[in-house]
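A quick write-up on the structure given underneath.
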Amino acid sequence: MSSPLLLLTASHNRNFQLAELVLAASRTAGLPATIIDLTTLELNLYTSRGETRGPGAGFRQLHQAMAESGGLWICAPEYNGGIPPSLTNAIAWLSRAAEDFRALFNGKPVALATHSGGGGQKVLSAMRIQFSHLGCIVLGRELLSHGGKPANPDTVAAMVAQMQRLMG
């Protein structure tokens, strides 16, 4: 059995629904996938002063899912022109508390998606920069949706197929 696709959603509303759409398309394509809603994980807020408290109870689940995944699909809304705090916090804890931090990201294919109240392009660009910096292989195609533009099922299917090829 191949490694699963890990869908990380950084909000519990429209981006969670977007992740469920991707999950259904992945299953239809025969690609095992799972969702982690970062807003439900018990992760402490990362600060250098708070590092001694540790990441919190949800860290182990996140770390294990990241380690076992063959690819990532990030569904995140645009927050003030950037990446939402739940995603930034999760990456910060992984970088500080995981001994295998680089291995969690290096060479891992990543798909980017957003449902945002605004345009959404800024969060996609910010995530592209960050995940590329972390050593990921970021798909050129991305999924952008908002109130006036629902997610295109053909785009979802094409991106799932590309992830499936990259994950081998």
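By convention here, the chains of the structure tokens are called A, B, ... in the order presented, each chain's residues are numbered starting at 1, and ligands are numbered starting at 1 in the order presented.
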Between range 71-94 of chain A and range 17-21 of chain A, at 12 Å or less, what are the per-residue closest atom pairs and their distances in Å? Count only C-alpha atoms, order by chain and rising residue number, and return it as a tab-separated table.
residue	atom	partner	partner_atom	distance
A:Leu72	CA	A:Ala19	CA	11.3
A:Trp73	CA	A:Ala19	CA	8.2
A:Ile74	CA	A:Ala19	CA	8.2
A:Cys75	CA	A:Ala19	CA	6.3
A:Ala76	CA	A:Leu18	CA	9.3
A:Pro77	CA	A:Leu18	CA	10.6
| Could you write out, as an MDAnalysis selection string, all the residues of range 27-111 of chain A that DSSP marks as helix (DSSP H, G or I)? | chainID A and resid 27:28 49:53 59:68 85:97 101:105
Set the distance at 9 Å and use only C-alpha atoms: which residues neighbour Ala98 in chain A once local chain neighbours fewer than 5 positions away are removed? I'd like the list as an mmCIF file with N, CA, C and O atoms, in the first residue's frame.
data_model
loop_
_atom_site.group_PDB
_atom_site.id
_atom_site.type_symbol
_atom_site.label_atom_id
_atom_site.label_comp_id
_atom_site.auth_asym_id
_atom_site.auth_seq_id
_atom_site.Cartn_x
_atom_site.Cartn_y
_atom_site.Cartn_z
ATOM 1 N N HIS A 63 2.869 14.946 13.832
ATOM 2 C CA HIS A 63 4.189 14.461 13.438
ATOM 3 C C HIS A 63 4.098 13.088 12.774
ATOM 4 O O HIS A 63 4.693 12.853 11.724
ATOM 5 N N TRP A 93 6.190 24.463 15.257
ATOM 6 C CA TRP A 93 6.436 23.372 16.205
ATOM 7 C C TRP A 93 7.164 22.215 15.548
ATOM 8 O O TRP A 93 8.064 21.606 16.153
ATOM 9 N N LEU A 104 10.657 15.553 7.022
ATOM 10 C CA LEU A 104 9.205 15.647 6.896
ATOM 11 C C LEU A 104 8.794 16.424 5.646
ATOM 12 O O LEU A 104 7.672 16.279 5.168
#
| field | Lys149 in chain A environment, 10 Å, only C-alpha atoms, sequence neighbours closer than 5 positions dropped, as number ranges by chain | value | A: 115, 119, 144
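Between Leu166 in chain A and the residues A:Arg53, A:Arg102, A:His12, A:Lys108, the shortest atom-to-atom distance, using only C-alpha atoms, involves A:Lys108.
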